[in-house]
file start23.cif (mmCIF, C-alpha atoms)
data_input
#
loop_
_atom_site.group_PDB
_atom_site.id
_atom_site.type_symbol
_atom_site.label_atom_id
_atom_site.label_comp_id
_atom_site.auth_asym_id
_atom_site.auth_seq_id
_atom_site.Cartn_x
_atom_site.Cartn_y
_atom_site.Cartn_z
ATOM 1 C CA MET A 1 52.791 72.996 49.008
ATOM 2 C CA ASN A 2 49.113 72.329 49.628
ATOM 3 C CA LYS A 3 47.020 69.736 47.828
ATOM 4 C CA GLN A 4 45.112 72.170 45.588
ATOM 5 C CA TYR A 5 48.345 73.857 44.521
ATOM 6 C CA ARG A 6 49.991 70.506 43.729
ATOM 7 C CA THR A 7 46.968 69.458 41.657
ATOM 8 C CA ALA A 8 47.036 72.712 39.698
ATOM 9 C CA VAL A 9 50.758 72.326 39.021
ATOM 10 C CA CYS A 10 50.227 68.762 37.795
ATOM 11 C CA CYS A 11 47.474 69.851 35.427
ATOM 12 C CA LEU A 12 49.631 72.677 34.042
ATOM 13 C CA LEU A 13 52.576 70.336 33.527
ATOM 14 C CA CYS A 14 50.367 67.795 31.763
ATOM 15 C CA THR A 15 48.867 70.493 29.537
ATOM 16 C CA ALA A 16 52.337 71.685 28.581
ATOM 17 C CA SER A 17 53.405 68.126 27.879
ATOM 18 C CA LEU A 18 50.341 67.536 25.724
ATOM 19 C CA LEU A 19 50.953 70.690 23.693
ATOM 20 C CA SER A 20 54.554 69.679 23.190
ATOM 21 C CA SER A 21 53.532 66.162 22.128
ATOM 22 C CA PHE A 22 50.913 67.547 19.767
ATOM 23 C CA SER A 23 53.399 69.928 18.141
ATOM 24 C CA THR A 24 55.957 67.170 17.717
ATOM 25 C CA ALA A 25 53.376 64.819 16.225
ATOM 26 C CA GLN A 26 52.225 67.440 13.758
ATOM 27 C CA ALA A 27 55.778 68.209 12.748
ATOM 28 C CA GLU A 28 56.589 64.538 12.230
ATOM 29 C CA GLY A 29 53.260 63.700 10.651
ATOM 30 C CA GLY A 30 52.570 61.233 13.425
ATOM 31 C CA SER A 31 49.318 60.455 15.250
ATOM 32 C CA SER A 32 50.516 59.117 18.607
ATOM 33 C CA TRP A 33 49.767 62.262 20.597
ATOM 34 C CA GLY A 34 46.194 61.100 21.327
ATOM 35 C CA SER A 35 47.294 57.961 23.174
ATOM 36 C CA ARG A 36 49.899 59.956 25.067
ATOM 37 C CA ALA A 37 47.236 62.470 26.101
ATOM 38 C CA LEU A 38 45.003 59.718 27.396
ATOM 39 C CA SER A 39 47.871 58.191 29.349
ATOM 40 C CA LEU A 40 48.806 61.517 30.946
ATOM 41 C CA PHE A 41 45.262 62.435 31.934
ATOM 42 C CA ARG A 42 44.653 59.031 33.442
ATOM 43 C CA ALA A 43 47.807 59.395 35.525
ATOM 44 C CA VAL A 44 46.683 62.803 36.797
ATOM 45 C CA GLU A 45 43.074 62.015 37.558
ATOM 46 C CA LYS A 46 43.895 59.051 39.778
ATOM 47 C CA SER A 47 46.515 60.669 41.983
ATOM 48 C CA ASP A 48 47.124 64.261 42.909
ATOM 49 C CA SER A 49 50.852 63.610 43.002
ATOM 50 C CA ALA A 50 51.015 62.157 39.459
ATOM 51 C CA ALA A 51 54.756 62.443 39.893
ATOM 52 C CA PHE A 52 55.986 59.532 37.821
ATOM 53 C CA GLY A 53 58.993 60.669 35.893
ATOM 54 C CA SER A 54 58.616 58.112 33.098
ATOM 55 C CA ALA A 55 56.400 55.414 31.694
ATOM 56 C CA GLU A 56 58.884 52.869 33.036
ATOM 57 C CA GLU A 57 58.385 54.125 36.594
ATOM 58 C CA LEU A 58 54.608 53.962 36.219
ATOM 59 C CA ALA A 59 54.878 50.416 34.872
ATOM 60 C CA LYS A 60 57.055 49.469 37.839
ATOM 61 C CA ALA A 61 54.434 50.856 40.223
ATOM 62 C CA LEU A 62 51.651 48.894 38.506
ATOM 63 C CA ARG A 63 53.689 45.689 38.664
ATOM 64 C CA GLU A 64 54.370 46.343 42.340
ATOM 65 C CA ALA A 65 50.654 46.744 43.014
ATOM 66 C CA LEU A 66 50.095 43.353 41.414
ATOM 67 C CA ALA A 67 53.004 41.782 43.277
ATOM 68 C CA VAL A 68 51.822 43.013 46.673
ATOM 69 C CA SER A 69 48.230 41.920 45.981
ATOM 70 C CA ALA A 70 49.445 38.512 44.815
ATOM 71 C CA GLU A 71 51.737 38.004 47.796
ATOM 72 C CA ARG A 72 48.967 38.747 50.284
ATOM 73 C CA ALA A 73 46.452 36.583 48.407
ATOM 74 C CA LEU A 74 48.867 33.663 48.160
ATOM 75 C CA GLN A 75 49.647 33.866 51.858
ATOM 76 C CA GLU A 76 45.949 33.892 52.717
ATOM 77 C CA LEU A 77 44.908 31.023 50.451
ATOM 78 C CA GLY A 78 48.061 28.931 50.677
ATOM 79 C CA GLN A 79 47.852 28.410 54.424
ATOM 80 C CA LYS A 80 46.017 25.439 55.913
ATOM 81 C CA GLY A 81 42.325 26.252 55.811
ATOM 82 C CA GLY A 82 42.839 29.083 53.325
ATOM 83 C CA PHE A 83 40.178 27.604 51.059
ATOM 84 C CA LEU A 84 38.419 25.101 53.300
ATOM 85 C CA ASN A 85 37.711 27.450 56.221
ATOM 86 C CA SER A 86 36.696 30.403 54.061
ATOM 87 C CA GLU A 87 33.033 31.050 53.320
ATOM 88 C CA ARG A 88 34.113 33.044 50.292
ATOM 89 C CA PHE A 89 36.791 30.816 48.778
ATOM 90 C CA ARG A 90 35.789 27.290 49.808
ATOM 91 C CA ILE A 91 35.547 25.114 46.688
ATOM 92 C CA PRO A 92 32.089 23.572 46.356
ATOM 93 C CA LEU A 93 31.352 20.074 45.199
ATOM 94 C CA PRO A 94 30.875 19.950 41.439
ATOM 95 C CA LYS A 95 27.280 19.380 40.360
ATOM 96 C CA THR A 96 28.177 16.018 38.843
ATOM 97 C CA VAL A 97 29.338 14.877 42.277
ATOM 98 C CA GLU A 98 26.586 16.560 44.318
ATOM 99 C CA ARG A 99 24.145 14.280 42.503
ATOM 100 C CA PHE A 100 25.641 11.369 44.430
ATOM 101 C CA ARG A 101 24.266 12.625 47.735
ATOM 102 C CA LYS A 102 20.911 10.825 47.709
ATOM 103 C CA PRO A 103 22.153 7.461 46.430
ATOM 104 C CA LEU A 104 25.073 7.550 48.881
ATOM 105 C CA ALA A 105 22.669 8.394 51.691
ATOM 106 C CA LEU A 106 20.728 5.235 50.816
ATOM 107 C CA VAL A 107 23.745 3.183 51.897
ATOM 108 C CA LYS A 108 24.825 5.607 54.666
ATOM 109 C CA GLN A 109 27.927 6.661 52.748
ATOM 110 C CA ASP A 110 27.083 10.345 52.145
ATOM 111 C CA TYR A 111 29.819 11.368 54.613
ATOM 112 C CA ARG A 112 32.229 10.615 51.787
ATOM 113 C CA LEU A 113 31.062 13.792 50.038
ATOM 114 C CA ASP A 114 32.348 15.898 52.938
ATOM 115 C CA GLU A 115 35.628 13.977 52.935
ATOM 116 C CA PHE A 116 36.013 14.560 49.217
ATOM 117 C CA GLN A 117 35.276 18.282 49.493
ATOM 118 C CA THR A 118 37.852 18.597 52.274
ATOM 119 C CA THR A 119 40.575 16.890 50.237
ATOM 120 C CA MET A 120 39.764 19.042 47.181
ATOM 121 C CA ASN A 121 40.203 22.230 49.187
ATOM 122 C CA ARG A 122 43.421 20.951 50.754
ATOM 123 C CA ALA A 123 44.716 20.276 47.242
ATOM 124 C CA ALA A 124 43.882 23.850 46.188
ATOM 125 C CA GLU A 125 45.727 25.194 49.228
ATOM 126 C CA GLN A 126 48.825 23.171 48.393
ATOM 127 C CA GLY A 127 48.669 24.113 44.721
ATOM 128 C CA VAL A 128 48.387 27.836 45.447
ATOM 129 C CA ALA A 129 51.124 27.671 48.083
ATOM 130 C CA ALA A 130 53.482 26.312 45.421
ATOM 131 C CA ALA A 131 52.554 28.947 42.830
ATOM 132 C CA PRO A 132 54.312 32.231 43.852
ATOM 133 C CA SER A 133 57.077 31.908 41.259
ATOM 134 C CA ILE A 134 54.491 31.269 38.533
ATOM 135 C CA VAL A 135 52.470 34.342 39.478
ATOM 136 C CA LYS A 136 55.601 36.491 39.751
ATOM 137 C CA SER A 137 56.691 35.384 36.292
ATOM 138 C CA ALA A 138 53.285 36.288 34.841
ATOM 139 C CA ILE A 139 53.481 39.761 36.377
ATOM 140 C CA GLN A 140 56.959 40.399 35.028
ATOM 141 C CA GLN A 141 55.938 39.304 31.543
ATOM 142 C CA LEU A 142 53.354 42.086 31.226
ATOM 143 C CA THR A 143 54.703 44.462 28.617
ATOM 144 C CA MET A 144 54.856 48.247 28.699
ATOM 145 C CA GLU A 145 52.123 48.282 26.070
ATOM 146 C CA ASP A 146 49.962 46.037 28.270
ATOM 147 C CA LEU A 147 50.333 48.306 31.265
ATOM 148 C CA ASN A 148 49.766 51.503 29.291
ATOM 149 C CA GLN A 149 46.364 50.176 28.234
ATOM 150 C CA LEU A 150 45.272 49.799 31.843
ATOM 151 C CA TRP A 151 42.378 51.964 33.005
ATOM 152 C CA LYS A 152 42.984 52.573 36.701
ATOM 153 C CA GLY A 153 39.514 53.695 37.716
ATOM 154 C CA GLU A 154 38.040 50.309 38.667
ATOM 155 C CA GLU A 155 38.764 48.955 42.122
ATOM 156 C CA ASP A 156 40.137 45.663 40.757
ATOM 157 C CA ALA A 157 41.305 46.832 37.323
ATOM 158 C CA ILE A 158 44.953 45.835 37.705
ATOM 159 C CA THR A 159 44.135 42.319 38.926
ATOM 160 C CA ARG A 160 41.555 41.670 36.225
ATOM 161 C CA PHE A 161 43.986 42.906 33.613
ATOM 162 C CA LEU A 162 46.519 40.339 34.796
ATOM 163 C CA GLU A 163 43.847 37.647 34.831
ATOM 164 C CA LYS A 164 42.770 38.418 31.268
ATOM 165 C CA ARG A 165 46.321 38.317 29.956
ATOM 166 C CA SER A 166 47.750 35.413 31.946
ATOM 167 C CA ARG A 167 45.031 33.074 33.252
ATOM 168 C CA THR A 168 45.426 30.496 30.487
ATOM 169 C CA GLN A 169 49.186 30.360 30.997
ATOM 170 C CA LEU A 170 48.799 30.167 34.775
ATOM 171 C CA ALA A 171 46.277 27.340 34.442
ATOM 172 C CA GLU A 172 48.684 25.325 32.311
ATOM 173 C CA ARG A 173 51.582 25.844 34.699
ATOM 174 C CA MET A 174 49.576 25.268 37.877
ATOM 175 C CA LEU A 175 47.842 22.094 36.703
ATOM 176 C CA PRO A 176 50.811 19.793 37.487
ATOM 177 C CA LEU A 177 51.000 21.305 40.980
ATOM 178 C CA ILE A 178 47.292 20.732 41.510
ATOM 179 C CA SER A 179 47.541 17.204 40.138
ATOM 180 C CA ALA A 180 50.307 16.395 42.589
ATOM 181 C CA ALA A 181 48.281 17.970 45.390
ATOM 182 C CA THR A 182 45.114 15.989 44.643
ATOM 183 C CA ASP A 183 47.205 12.840 44.981
ATOM 184 C CA SER A 184 49.040 13.889 48.142
ATOM 185 C CA THR A 185 45.909 15.123 49.952
ATOM 186 C CA GLY A 186 43.962 12.014 49.051
ATOM 187 C CA ALA A 187 41.397 13.781 46.849
ATOM 188 C CA THR A 188 41.871 11.315 43.998
ATOM 189 C CA ARG A 189 41.583 8.351 46.354
ATOM 190 C CA SER A 190 38.560 9.890 48.085
ATOM 191 C CA TYR A 191 36.793 10.363 44.764
ATOM 192 C CA LYS A 192 37.409 6.754 43.770
ATOM 193 C CA GLN A 193 36.142 5.504 47.142
ATOM 194 C CA MET A 194 33.028 7.615 46.747
ATOM 195 C CA GLU A 195 32.356 6.137 43.303
ATOM 196 C CA ASP A 196 32.885 2.625 44.650
ATOM 197 C CA ALA A 197 30.422 3.301 47.484
ATOM 198 C CA LEU A 198 27.574 4.120 45.096
ATOM 199 C CA PRO A 199 24.830 1.478 45.073
ATOM 200 C CA LYS A 200 25.317 -0.889 42.181
ATOM 201 C CA ALA A 201 22.643 -0.887 39.495
ATOM 202 C CA GLY A 202 20.927 -4.229 39.479
ATOM 203 C CA GLY A 203 17.267 -3.442 39.249
ATOM 204 C CA GLY A 204 14.892 -1.742 41.627
ATOM 205 C CA LEU A 205 14.399 1.966 42.353
ATOM 206 C CA PHE A 206 18.037 3.059 42.081
ATOM 207 C CA ALA A 207 18.395 1.458 38.642
ATOM 208 C CA LYS A 208 15.411 3.510 37.464
ATOM 209 C CA VAL A 209 16.900 6.710 38.934
ATOM 210 C CA GLN A 210 20.170 5.993 37.123
ATOM 211 C CA SER A 211 18.445 5.532 33.805
ATOM 212 C CA PHE A 212 16.771 8.938 34.025
ATOM 213 C CA THR A 213 19.493 11.047 35.674
ATOM 214 C CA GLY A 214 22.756 9.427 34.655
ATOM 215 C CA ILE A 215 23.857 9.200 38.319
ATOM 216 C CA GLY A 216 26.847 6.917 38.540
ATOM 217 C CA LYS A 217 28.207 7.912 35.133
ATOM 218 C CA THR A 218 31.295 9.829 36.274
ATOM 219 C CA GLY A 219 33.817 9.287 33.526
ATOM 220 C CA SER A 220 33.570 12.840 32.172
ATOM 221 C CA PHE A 221 34.577 14.575 35.419
ATOM 222 C CA ASP A 222 38.187 15.849 35.446
ATOM 223 C CA LEU A 223 39.092 16.314 39.111
ATOM 224 C CA ASP A 224 42.439 18.060 38.578
ATOM 225 C CA ALA A 225 41.030 20.522 36.024
ATOM 226 C CA TYR A 226 38.101 21.364 38.307
ATOM 227 C CA VAL A 227 40.274 22.054 41.352
ATOM 228 C CA ASN A 228 42.728 24.018 39.227
ATOM 229 C CA GLU A 229 40.027 26.316 37.830
ATOM 230 C CA LYS A 230 38.466 26.904 41.240
ATOM 231 C CA ALA A 231 41.884 27.578 42.780
ATOM 232 C CA LEU A 232 42.562 30.214 40.114
ATOM 233 C CA ASP A 233 39.118 31.749 40.696
ATOM 234 C CA GLY A 234 39.957 32.065 44.380
ATOM 235 C CA LEU A 235 43.427 33.449 43.712
ATOM 236 C CA PHE A 236 42.261 36.233 41.408
ATOM 237 C CA ASP A 237 39.298 37.096 43.633
ATOM 238 C CA ALA A 238 41.609 37.345 46.644
ATOM 239 C CA MET A 239 44.043 39.490 44.656
ATOM 240 C CA ALA A 240 41.179 41.766 43.614
ATOM 241 C CA ALA A 241 40.162 42.185 47.250
ATOM 242 C CA GLU A 242 43.733 43.072 48.192
ATOM 243 C CA GLU A 243 43.966 45.573 45.334
ATOM 244 C CA LYS A 244 40.750 47.216 46.511
ATOM 245 C CA ALA A 245 42.192 47.496 50.017
ATOM 246 C CA ILE A 246 45.364 49.103 48.668
ATOM 247 C CA ARG A 247 43.317 51.634 46.712
ATOM 248 C CA GLU A 248 40.956 52.512 49.555
ATOM 249 C CA ASN A 249 43.079 52.149 52.676
ATOM 250 C CA PRO A 250 46.270 54.209 53.013
ATOM 251 C CA LEU A 251 47.527 51.786 55.683
ATOM 252 C CA ALA A 252 47.502 48.979 53.093
ATOM 253 C CA ARG A 253 49.927 50.883 50.841
ATOM 254 C CA SER A 254 53.055 49.266 52.155
ATOM 255 C CA THR A 255 55.627 50.694 49.735
ATOM 256 C CA ASP A 256 56.615 54.143 48.484
ATOM 257 C CA LEU A 257 55.594 53.274 44.930
ATOM 258 C CA LEU A 258 52.120 52.219 46.043
ATOM 259 C CA LYS A 259 51.726 55.473 47.932
ATOM 260 C CA LYS A 260 52.836 57.327 44.836
ATOM 261 C CA LEU A 261 50.444 55.384 42.607
ATOM 262 C CA PHE A 262 47.326 55.652 44.764
ATOM 263 C CA GLY A 263 48.135 58.604 47.017
ATOM 264 C CA ASP A 264 49.411 58.870 50.611
#

call {"tool": "encode", "arguments": {"input": "start23.cif", "output": "structure tokens"}}
result
Amino acid sequence: MNKQYRTAVCCLLCTASLLSSFSTAQAEGGSSWGSRALSLFRAVEKSDSAAFGSAEELAKALREALAVSAERALQELGQKGGFLNSERFRIPLPKTVERFRKPLALVKQDYRLDEFQTTMNRAAEQGVAAAPSIVKSAIQQLTMEDLNQLWKGEEDAITRFLEKRSRTQLAERMLPLISAATDSTGATRSYKQMEDALPKAGGGLFAKVQSFTGIGKTGSFDLDAYVNEKALDGLFDAMAAEEKAIRENPLARSTDLLKKLFGD
């Protein structure tokens, strides 16, 4: 059966299904046929096969796309150097800390900024490496209604849908992992050492700079929350990149369901 013939058959089947749904809805006085029509057409337009036998099978395929994207992203970011050695995912110094560069340079202690950035990125790597069960749980908790609302046209639509629905929960559950990682990698200690290395205000030029810029006032910076948010940014961006690869590259479709969802 050639591709054009399969597409025509799919369209005919969907049309028949729509007519049947419409007739049933009219008979029952219901109004759900419109959402069913939208769901069916979206399934057809994305894949010529459109051969999912039920909404449950489609939902399983969508969850599998998320699971595969997440697994690949976690492997990439959770390894040593996953954040630190990546131009795309390396966590930058927060602006409140970057302001320390000039005063630290005055006392030849600006190398501490690089040490701190390294330990932050190591903490993110450890936090993400410990997060697979959390991400898997978030994927499984997506409801049928959630997945039926998904528009599959965008290259990262599935990932961003997961992010919208689960980021807050993931942040709460990952924060203890990140907190433990900032301690174990020395990020917390490095930050304290950097603060201690700042020139002390006692008059002179630096005291004047402090009074105008607030440099040295660091109490409002939450290290764990910052690393956690940046780690989640990296995770979802990496997942989005993997989803795009699955959509565009047949070789990246590693399971039968993914091939069925996005085509062979």

call {"tool": "residues_near_point", "arguments": {"input": "start23.cif", "point": "(25.1, 6.8, 52.1)", "cutoff": "12 Å", "atoms": "all atoms listed in the file", "output": "mmCIF file with C-alpha atoms, in the frame of the given file"}}
result
data_model
loop_
_atom_site.group_PDB
_atom_site.id
_atom_site.type_symbol
_atom_site.label_atom_id
_atom_site.label_comp_id
_atom_site.auth_asym_id
_atom_site.auth_seq_id
_atom_site.Cartn_x
_atom_site.Cartn_y
_atom_site.Cartn_z
ATOM 1 C CA PHE A 100 25.641 11.369 44.430
ATOM 2 C CA ARG A 101 24.266 12.625 47.735
ATOM 3 C CA LYS A 102 20.911 10.825 47.709
ATOM 4 C CA PRO A 103 22.153 7.461 46.430
ATOM 5 C CA LEU A 104 25.073 7.550 48.881
ATOM 6 C CA ALA A 105 22.669 8.394 51.691
ATOM 7 C CA LEU A 106 20.728 5.235 50.816
ATOM 8 C CA VAL A 107 23.745 3.183 51.897
ATOM 9 C CA LYS A 108 24.825 5.607 54.666
ATOM 10 C CA GLN A 109 27.927 6.661 52.748
ATOM 11 C CA ASP A 110 27.083 10.345 52.145
ATOM 12 C CA TYR A 111 29.819 11.368 54.613
ATOM 13 C CA ARG A 112 32.229 10.615 51.787
ATOM 14 C CA LEU A 113 31.062 13.792 50.038
ATOM 15 C CA ASP A 114 32.348 15.898 52.938
ATOM 16 C CA MET A 194 33.028 7.615 46.747
ATOM 17 C CA GLU A 195 32.356 6.137 43.303
ATOM 18 C CA ASP A 196 32.885 2.625 44.650
ATOM 19 C CA ALA A 197 30.422 3.301 47.484
ATOM 20 C CA LEU A 198 27.574 4.120 45.096
ATOM 21 C CA PRO A 199 24.830 1.478 45.073
#

call {"tool": "residues_near_point", "arguments": {"input": "start23.cif", "point": "(44.4, 32.6, 49.1)", "cutoff": "8 Å", "atoms": "all atoms listed in the file", "output": "JSON, numbers by chain"}}
result
{"A": [72, 73, 74, 75, 76, 77, 78, 79, 82, 83, 89, 125, 128, 234, 235, 238]}

call {"tool": "resolve_selection", "arguments": {"input": "start23.cif", "expression": "the PyMOL selection byres ((chain A and resi 161) around 12)", "output": "VMD selection string"}}
result
chain A and resid 62 to 63 66 138 to 139 142 to 143 146 to 152 154 to 160 162 to 167 236 239 to 240

call {"tool": "closest_residue", "arguments": {"input": "start23.cif", "among": "A:Ile246, A:Ala225, A:Leu58, A:Leu84", "to": "Lys259 of chain A", "atoms": "only C-alpha atoms"}}
result
A:Ile246

call {"tool": "atom_distance", "arguments": {"input": "start23.cif", "atom1": "atom CA of Ala171 of chain A", "atom2": "atom CA of Pro94 of chain A"}}
result
18.5 Å

call {"tool": "atom_distance", "arguments": {"input": "start23.cif", "atom1": "atom CA of Ala187 of chain A", "atom2": "atom CA of Ser86 of chain A"}}
result
18.7 Å

call {"tool": "closest_residue", "arguments": {"input": "start23.cif", "among": "A:Met144, A:Met174, A:Leu232, A:Ala181", "to": "Ala59 of chain A", "atoms": "all atoms listed in the file"}}
result
A:Met144

call {"tool": "axis_aligned_box", "arguments": {"input": "start23.cif", "around": "segment 94-100 of chain A", "padding_each_side": "3 Å", "output": "lines of an AutoDock Vina configuration file"}}
result
center_x = 27.5
center_y = 15.7
center_z = 41.6
size_x = 12.7
size_y = 14.6
size_z = 11.6

call {"tool": "closest_residue", "arguments": {"input": "start23.cif", "among": "A:Lys260, A:Arg247, A:Arg189, A:Arg253", "to": "Phe116 of chain A", "atoms": "only C-alpha atoms"}}
result
A:Arg189

call {"tool": "atom_distance", "arguments": {"input": "start23.cif", "atom1": "atom CA of Gln126 of chain A", "atom2": "atom CA of Glu98 of chain A"}}
result
23.6 Å

call {"tool": "resolve_selection", "arguments": {"input": "start23.cif", "expression": "the PyMOL selection byres ((chain A and resi 134) around 12)", "output": "list in words"}}
result
Ala67, Ala70, Glu71, Leu74, Gly127, Val128, Ala129, Ala130, Ala131, Pro132, Ser133, Val135, Lys136, Ser137, Ala138, Ile139, Gln140, Gln141, Ser166, Arg167, Gln169, Leu170, Ala171, Glu172, Arg173, Met174, Leu175 and Leu177 of chain A
